Amino acid sequence: MYNYKYISLATLPFILYVSALFAYLMNWISGFQFALANLIATLIVLVSLLVFRNVKKWDKVFLGVGVVMLALLLFEYSLINYEKVTYEVVAEHDPVLVNPDSGIYVLVVYSELGTYIEDATEMKEVMQQGIQGEILTMQKINNRMRYTSKNQELLSYIKSANKPFQQMADNVNAYLQVESPFVDTFLQRDDVDGDSAGLALALNGLFEQGLFENEQRIAVTGAIDAKGNVKEIGSADAKTLIAAKNGFSYILMPSENVAEAEKAKLMNALAIDIIGVDHIDQAVREITRINNTR
């Protein structure tokens, strides 16, 4: 026969953990409260282990549950370190012309994490003092973002992986299969991070190979894989603002980011054509179309 008292005590810590995790991800509780709930859940099973250590079979059950809860407590504890991060601030950066003859510009932004300050106006004033360019967007950091960042950091300790910028360089070189002096020069910069320059770099490499012509100024953003597929990037709204502010008539970006860019265009009454692409070949065709219609 089942002893429901033992079953309840063995499952209660998991119920408390899952409930607290759900509440945390929904922004109903803080990281400190989530950590406290995990601690309470662990204490429940440890006390149960002490009280029922002489009960046949259940002593092993409570020991196993205790080990799992301790592991979860350690796994989630570092979330407390992310509580201080309150905003992601994106500021303008001058577009970068990789090859002076290509007319294809890389869109770059400054991205900084603001800490402790909850008020958006105060945060903007504080961050603007340490950033050269004008702040374009500010995103409030929620618990789901904190949880994702924590897991990515922990994963990086146990799984070797290239950083986004290095992965971008590898993908661009794998796609082009031919060295490009201008692309190589850009990849040696130490003031650029992330992978959103991949599409523009690959296009510059193809231009250098003479595979298409371009006589227009075109702003480009987008990550790529080694096969030339264009991948979603961040801060598409800010990059659209930068492109329009710098007088670009066209901006090429991943199709997945077009909706975000169109929203920024509408809200700020921007005079710029937003062109979404899914592959570098499509981007080349769009550049050719732009040149043929001017």
# chains A, B, ... in the order shown; residues from 1 in each chain; ligands from 1
>>> residues_around(residues="range 83-96 of chain A", least_positions_apart="6", cutoff="6 Å", atoms="only C-alpha atoms", output="ChimeraX atom specification")
/A:105-116,133-141
>>> select_by_dssp(residues="range 19-260 of chain A", states="strand (DSSP E)", output="MDAnalysis selection string")
chainID A and resid 85:92 96:97 104:106 109:115 135:140 218:220 223:224 230:231 250:254
>>> closest_atom_pairs(of="range 234-290 of chain A", to="range 167-187 of chain A", cutoff="12 Å", atoms="only C-alpha atoms", output="CSV")
residue,atom,partner,partner_atom,distance
A:His279,CA,A:Tyr175,CA,11.5
A:Ile280,CA,A:Tyr175,CA,9.8
A:Asp281,CA,A:Tyr175,CA,11.5
>>> write_last_selection(atoms="C-alpha atoms", output="mmCIF file, in the first residue's frame")
data_model
loop_
_atom_site.group_PDB
_atom_site.id
_atom_site.type_symbol
_atom_site.label_atom_id
_atom_site.label_comp_id
_atom_site.auth_asym_id
_atom_site.auth_seq_id
_atom_site.Cartn_x
_atom_site.Cartn_y
_atom_site.Cartn_z
ATOM 1 C CA HIS A 279 19.658 34.072 -47.938
ATOM 2 C CA ILE A 280 22.674 35.936 -49.276
ATOM 3 C CA ASP A 281 21.634 35.090 -52.850
#
>>> residues_around(residues="Phe207 in chain A", least_positions_apart="4", cutoff="10 Å", atoms="only C-alpha atoms", output="ChimeraX atom specification")
/A:99,101-104,201-203,211-214,284
>>> closest_residue(among="A:Ile251, A:Ala41, A:Leu206, A:Leu21", to="Val220 in chain A", atoms="only C-alpha atoms")
A:Ile251
>>> atom_distance(atom1="CA of Gly64 in chain A", atom2="CA of Gln33 in chain A")
24.8 Å
>>> residues_around(residues="Tyr6 in chain A", least_positions_apart="4", cutoff="12 Å", atoms="only C-alpha atoms", output="JSON, numbers by chain")
{"A": [1, 2, 10, 11, 12, 45, 48, 49, 51, 52, 53, 55, 56, 57, 58, 59, 60, 61, 62, 65]}
>>> closest_residue(among="A:Ile7, A:Val230, A:Val68, A:Ile80", to="Asn257 in chain A", atoms="only C-alpha atoms")
A:Val230
>>> closest_residue(among="A:Lys150, A:Arg285, A:Lys163, A:Lys245", to="Asn268 in chain A", atoms="only C-alpha atoms")
A:Lys245
>>> residues_around(residues="Gly194 in chain A", least_positions_apart="2", cutoff="9 Å", atoms="only C-alpha atoms", output="PyMOL selection string")
chain A and resi 163-168+192+196-197+223
>>> write_last_selection(atoms="N, CA, C and O atoms", output="PDB file, in the first residue's frame")
ATOM      1  N   LYS A 163      32.594  32.324 -29.405  1.00  0.00           N
ATOM      2  CA  LYS A 163      31.807  33.511 -29.137  1.00  0.00           C
ATOM      3  C   LYS A 163      31.145  33.956 -30.438  1.00  0.00           C
ATOM      4  O   LYS A 163      31.614  33.627 -31.524  1.00  0.00           O
ATOM      5  N   PRO A 164      30.032  34.720 -30.338  1.00  0.00           N
ATOM      6  CA  PRO A 164      29.285  35.100 -31.549  1.00  0.00           C
ATOM      7  C   PRO A 164      30.151  35.747 -32.633  1.00  0.00           C
ATOM      8  O   PRO A 164      29.986  35.445 -33.817  1.00  0.00           O
ATOM      9  N   PHE A 165      31.080  36.630 -32.244  1.00  0.00           N
ATOM     10  CA  PHE A 165      31.894  37.317 -33.249  1.00  0.00           C
ATOM     11  C   PHE A 165      32.795  36.320 -33.977  1.00  0.00           C
ATOM     12  O   PHE A 165      32.926  36.376 -35.211  1.00  0.00           O
ATOM     13  N   GLN A 166      33.400  35.400 -33.229  1.00  0.00           N
ATOM     14  CA  GLN A 166      34.268  34.412 -33.859  1.00  0.00           C
ATOM     15  C   GLN A 166      33.468  33.452 -34.715  1.00  0.00           C
ATOM     16  O   GLN A 166      33.895  33.048 -35.804  1.00  0.00           O
ATOM     17  N   GLN A 167      32.273  33.090 -34.247  1.00  0.00           N
ATOM     18  CA  GLN A 167      31.421  32.216 -35.039  1.00  0.00           C
ATOM     19  C   GLN A 167      31.015  32.897 -36.331  1.00  0.00           C
ATOM     20  O   GLN A 167      30.935  32.263 -37.387  1.00  0.00           O
ATOM     21  N   MET A 168      30.736  34.208 -36.255  1.00  0.00           N
ATOM     22  CA  MET A 168      30.412  34.977 -37.454  1.00  0.00           C
ATOM     23  C   MET A 168      31.577  34.950 -38.445  1.00  0.00           C
ATOM     24  O   MET A 168      31.384  34.719 -39.650  1.00  0.00           O
ATOM     25  N   VAL A 192      34.014  45.792 -31.985  1.00  0.00           N
ATOM     26  CA  VAL A 192      32.769  45.242 -32.512  1.00  0.00           C
ATOM     27  C   VAL A 192      32.564  43.856 -31.917  1.00  0.00           C
ATOM     28  O   VAL A 192      33.509  43.075 -31.800  1.00  0.00           O
ATOM     29  N   SER A 196      25.978  40.209 -36.010  1.00  0.00           N
ATOM     30  CA  SER A 196      25.041  40.842 -36.948  1.00  0.00           C
ATOM     31  C   SER A 196      25.705  41.475 -38.161  1.00  0.00           C
ATOM     32  O   SER A 196      25.014  41.945 -39.064  1.00  0.00           O
ATOM     33  N   ALA A 197      27.034  41.490 -38.204  1.00  0.00           N
ATOM     34  CA  ALA A 197      27.734  42.036 -39.380  1.00  0.00           C
ATOM     35  C   ALA A 197      27.947  40.974 -40.454  1.00  0.00           C
ATOM     36  O   ALA A 197      28.452  41.275 -41.535  1.00  0.00           O
ATOM     37  N   ALA A 223      22.819  38.205 -39.352  1.00  0.00           N
ATOM     38  CA  ALA A 223      23.764  37.114 -39.141  1.00  0.00           C
ATOM     39  C   ALA A 223      23.594  36.082 -40.253  1.00  0.00           C
ATOM     40  O   ALA A 223      22.550  36.036 -40.912  1.00  0.00           O
TER      41      ALA A 223
END
>>> closest_residue(among="A:Asn204, A:Gln132, A:Asn54, A:Ser235", to="Ala261 in chain A", atoms="only C-alpha atoms")
A:Ser235
>>> atom_distance(atom1="CA of Ala283 in chain A", atom2="CA of Met267 in chain A")
26.0 Å
>>> residues_around(residues="Met69 in chain A", least_positions_apart="2", cutoff="10 Å", atoms="only C-alpha atoms", output="ChimeraX atom specification")
/A:13-14,17,38-39,41-46,63-67,71-75
>>> atom_distance(atom1="CA of Met123 in chain A", atom2="CA of Asn142 in chain A")
15.7 Å
>>> select_by_dssp(residues="range 47-143 of chain A", states="helix (DSSP H, G or I)", output="VMD selection string")
chain A and resid 47 to 51 58 to 82 120 to 128 143
>>> write_last_selection(atoms="N, CA and C atoms", output="tab-separated table (two decimals), in the first residue's frame")
chain	number	residue	atom	x	y	z
A	47	VAL	N	14.96	17.74	6.21
A	47	VAL	CA	14.33	17.44	7.49
A	47	VAL	C	13.59	16.11	7.42
A	48	SER	N	12.90	15.88	6.29
A	48	SER	CA	12.19	14.61	6.11
A	48	SER	C	13.16	13.44	6.14
A	49	LEU	N	14.34	13.65	5.56
A	49	LEU	CA	15.36	12.60	5.55
A	49	LEU	C	15.81	12.27	6.96
A	50	LEU	N	15.99	13.29	7.80
A	50	LEU	CA	16.41	13.07	9.19
A	50	LEU	C	15.32	12.37	10.00
A	51	VAL	N	14.08	12.81	9.80
A	51	VAL	CA	12.97	12.26	10.58
A	51	VAL	C	12.69	10.81	10.20
A	58	TRP	N	12.00	4.38	2.19
A	58	TRP	CA	11.76	5.82	2.07
A	58	TRP	C	13.00	6.63	2.43
A	59	ASP	N	13.89	6.06	3.23
A	59	ASP	CA	15.12	6.79	3.53
A	59	ASP	C	15.93	7.03	2.26
A	60	LYS	N	15.94	6.02	1.38
A	60	LYS	CA	16.66	6.17	0.10
A	60	LYS	C	15.93	7.16	-0.83
A	61	VAL	N	14.61	7.13	-0.78
A	61	VAL	CA	13.83	8.07	-1.60
A	61	VAL	C	14.12	9.51	-1.19
A	62	PHE	N	14.08	9.77	0.11
A	62	PHE	CA	14.33	11.14	0.58
A	62	PHE	C	15.77	11.56	0.33
A	63	LEU	N	16.70	10.59	0.40
A	63	LEU	CA	18.10	10.91	0.10
A	63	LEU	C	18.24	11.32	-1.36
A	64	GLY	N	17.60	10.56	-2.26
A	64	GLY	CA	17.66	10.91	-3.68
A	64	GLY	C	17.04	12.26	-3.98
A	65	VAL	N	15.87	12.51	-3.36
A	65	VAL	CA	15.20	13.81	-3.56
A	65	VAL	C	16.08	14.93	-3.00
A	66	GLY	N	16.72	14.68	-1.87
A	66	GLY	CA	17.59	15.70	-1.27
A	66	GLY	C	18.75	16.06	-2.18
A	67	VAL	N	19.35	15.04	-2.80
A	67	VAL	CA	20.47	15.29	-3.72
A	67	VAL	C	20.01	16.13	-4.91
A	68	VAL	N	18.84	15.80	-5.47
A	68	VAL	CA	18.30	16.56	-6.61
A	68	VAL	C	18.02	18.00	-6.21
A	69	MET	N	17.41	18.20	-5.04
A	69	MET	CA	17.07	19.57	-4.62
A	69	MET	C	18.31	20.40	-4.33
A	70	LEU	N	19.34	19.78	-3.77
A	70	LEU	CA	20.60	20.50	-3.55
A	70	LEU	C	21.22	20.93	-4.88
A	71	ALA	N	21.14	20.02	-5.87
A	71	ALA	CA	21.68	20.34	-7.19
A	71	ALA	C	20.90	21.50	-7.82
A	72	LEU	N	19.59	21.47	-7.69
A	72	LEU	CA	18.77	22.56	-8.22
A	72	LEU	C	19.05	23.87	-7.50
A	73	LEU	N	19.25	23.79	-6.19
A	73	LEU	CA	19.56	25.00	-5.42
A	73	LEU	C	20.85	25.64	-5.91
A	74	LEU	N	21.87	24.82	-6.14
A	74	LEU	CA	23.14	25.35	-6.65
A	74	LEU	C	23.01	25.86	-8.07
A	75	PHE	N	22.21	25.15	-8.87
A	75	PHE	CA	22.02	25.52	-10.28
A	75	PHE	C	21.34	26.88	-10.41
A	76	GLU	N	20.39	27.16	-9.55
A	76	GLU	CA	19.61	28.39	-9.66
A	76	GLU	C	20.16	29.54	-8.83
A	77	TYR	N	21.08	29.26	-7.92
A	77	TYR	CA	21.53	30.28	-6.98
A	77	TYR	C	22.13	31.50	-7.67
A	78	SER	N	22.85	31.27	-8.77
A	78	SER	CA	23.54	32.39	-9.43
A	78	SER	C	22.57	33.42	-10.02
A	79	LEU	N	21.27	33.11	-10.06
A	79	LEU	CA	20.29	34.10	-10.54
A	79	LEU	C	20.34	35.37	-9.72
A	80	ILE	N	20.73	35.25	-8.45
A	80	ILE	CA	20.80	36.42	-7.58
A	80	ILE	C	21.75	37.47	-8.17
A	81	ASN	N	22.81	37.01	-8.84
A	81	ASN	CA	23.78	37.94	-9.43
A	81	ASN	C	23.20	38.75	-10.58
A	82	TYR	N	22.10	38.26	-11.17
A	82	TYR	CA	21.50	38.94	-12.31
A	82	TYR	C	20.41	39.93	-11.90
A	120	ALA	N	13.22	54.47	-15.83
A	120	ALA	CA	13.77	54.55	-17.18
A	120	ALA	C	14.43	55.91	-17.46
A	121	THR	N	13.79	56.99	-17.01
A	121	THR	CA	14.33	58.33	-17.25
A	121	THR	C	15.67	58.50	-16.55
A	122	GLU	N	15.73	58.08	-15.31
A	122	GLU	CA	16.97	58.20	-14.55
A	122	GLU	C	18.06	57.33	-15.18
A	123	MET	N	17.69	56.12	-15.60
A	123	MET	CA	18.67	55.23	-16.23
A	123	MET	C	19.23	55.85	-17.51
A	124	LYS	N	18.37	56.45	-18.31
A	124	LYS	CA	18.83	57.05	-19.56
A	124	LYS	C	19.81	58.19	-19.28
A	125	GLU	N	19.50	59.01	-18.27
A	125	GLU	CA	20.39	60.12	-17.93
A	125	GLU	C	21.75	59.63	-17.46
A	126	VAL	N	21.75	58.58	-16.64
A	126	VAL	CA	23.01	58.04	-16.13
A	126	VAL	C	23.82	57.39	-17.23
A	127	MET	N	23.18	56.58	-18.06
A	127	MET	CA	23.89	55.86	-19.11
A	127	MET	C	24.40	56.79	-20.19
A	128	GLN	N	23.66	57.85	-20.49
A	128	GLN	CA	24.07	58.77	-21.54
A	128	GLN	C	25.40	59.44	-21.22
A	143	ASN	N	12.65	38.76	-15.90
A	143	ASN	CA	13.23	37.56	-15.30
A	143	ASN	C	13.51	36.46	-16.32
>>> residues_around(residues="Ala264 in chain A", least_positions_apart="6", cutoff="10 Å", atoms="only C-alpha atoms", output="PyMOL selection string")
chain A and resi 236-241+258+270
>>> write_last_selection(atoms="N, CA and C atoms", output="PDB file, in the first residue's frame")
ATOM      1  N   ALA A 236      17.069  45.470 -34.164  1.00  0.00           N
ATOM      2  CA  ALA A 236      16.701  45.864 -35.532  1.00  0.00           C
ATOM      3  C   ALA A 236      16.049  47.237 -35.547  1.00  0.00           C
ATOM      4  N   ASP A 237      15.305  47.573 -34.502  1.00  0.00           N
ATOM      5  CA  ASP A 237      14.666  48.895 -34.441  1.00  0.00           C
ATOM      6  C   ASP A 237      15.696  50.004 -34.358  1.00  0.00           C
ATOM      7  N   ALA A 238      16.701  49.821 -33.496  1.00  0.00           N
ATOM      8  CA  ALA A 238      17.751  50.834 -33.350  1.00  0.00           C
ATOM      9  C   ALA A 238      18.566  50.972 -34.628  1.00  0.00           C
ATOM     10  N   LYS A 239      18.856  49.870 -35.285  1.00  0.00           N
ATOM     11  CA  LYS A 239      19.651  49.911 -36.515  1.00  0.00           C
ATOM     12  C   LYS A 239      18.872  50.575 -37.650  1.00  0.00           C
ATOM     13  N   THR A 240      17.564  50.411 -37.643  1.00  0.00           N
ATOM     14  CA  THR A 240      16.740  51.106 -38.637  1.00  0.00           C
ATOM     15  C   THR A 240      16.792  52.612 -38.403  1.00  0.00           C
ATOM     16  N   LEU A 241      16.759  53.016 -37.147  1.00  0.00           N
ATOM     17  CA  LEU A 241      16.871  54.442 -36.808  1.00  0.00           C
ATOM     18  C   LEU A 241      18.224  54.996 -37.246  1.00  0.00           C
ATOM     19  N   VAL A 258      11.908  42.109 -39.906  1.00  0.00           N
ATOM     20  CA  VAL A 258      11.225  43.165 -40.656  1.00  0.00           C
ATOM     21  C   VAL A 258      10.085  43.788 -39.863  1.00  0.00           C
ATOM     22  N   LEU A 270       9.980  57.323 -40.518  1.00  0.00           N
ATOM     23  CA  LEU A 270      11.257  57.237 -41.222  1.00  0.00           C
ATOM     24  C   LEU A 270      11.043  57.037 -42.718  1.00  0.00           C
TER      25      LEU A 270
END
>>> closest_residue(among="A:Leu36, A:Val277, A:Ile290, A:Ala23", to="Gln216 in chain A", atoms="only C-alpha atoms")
A:Ile290
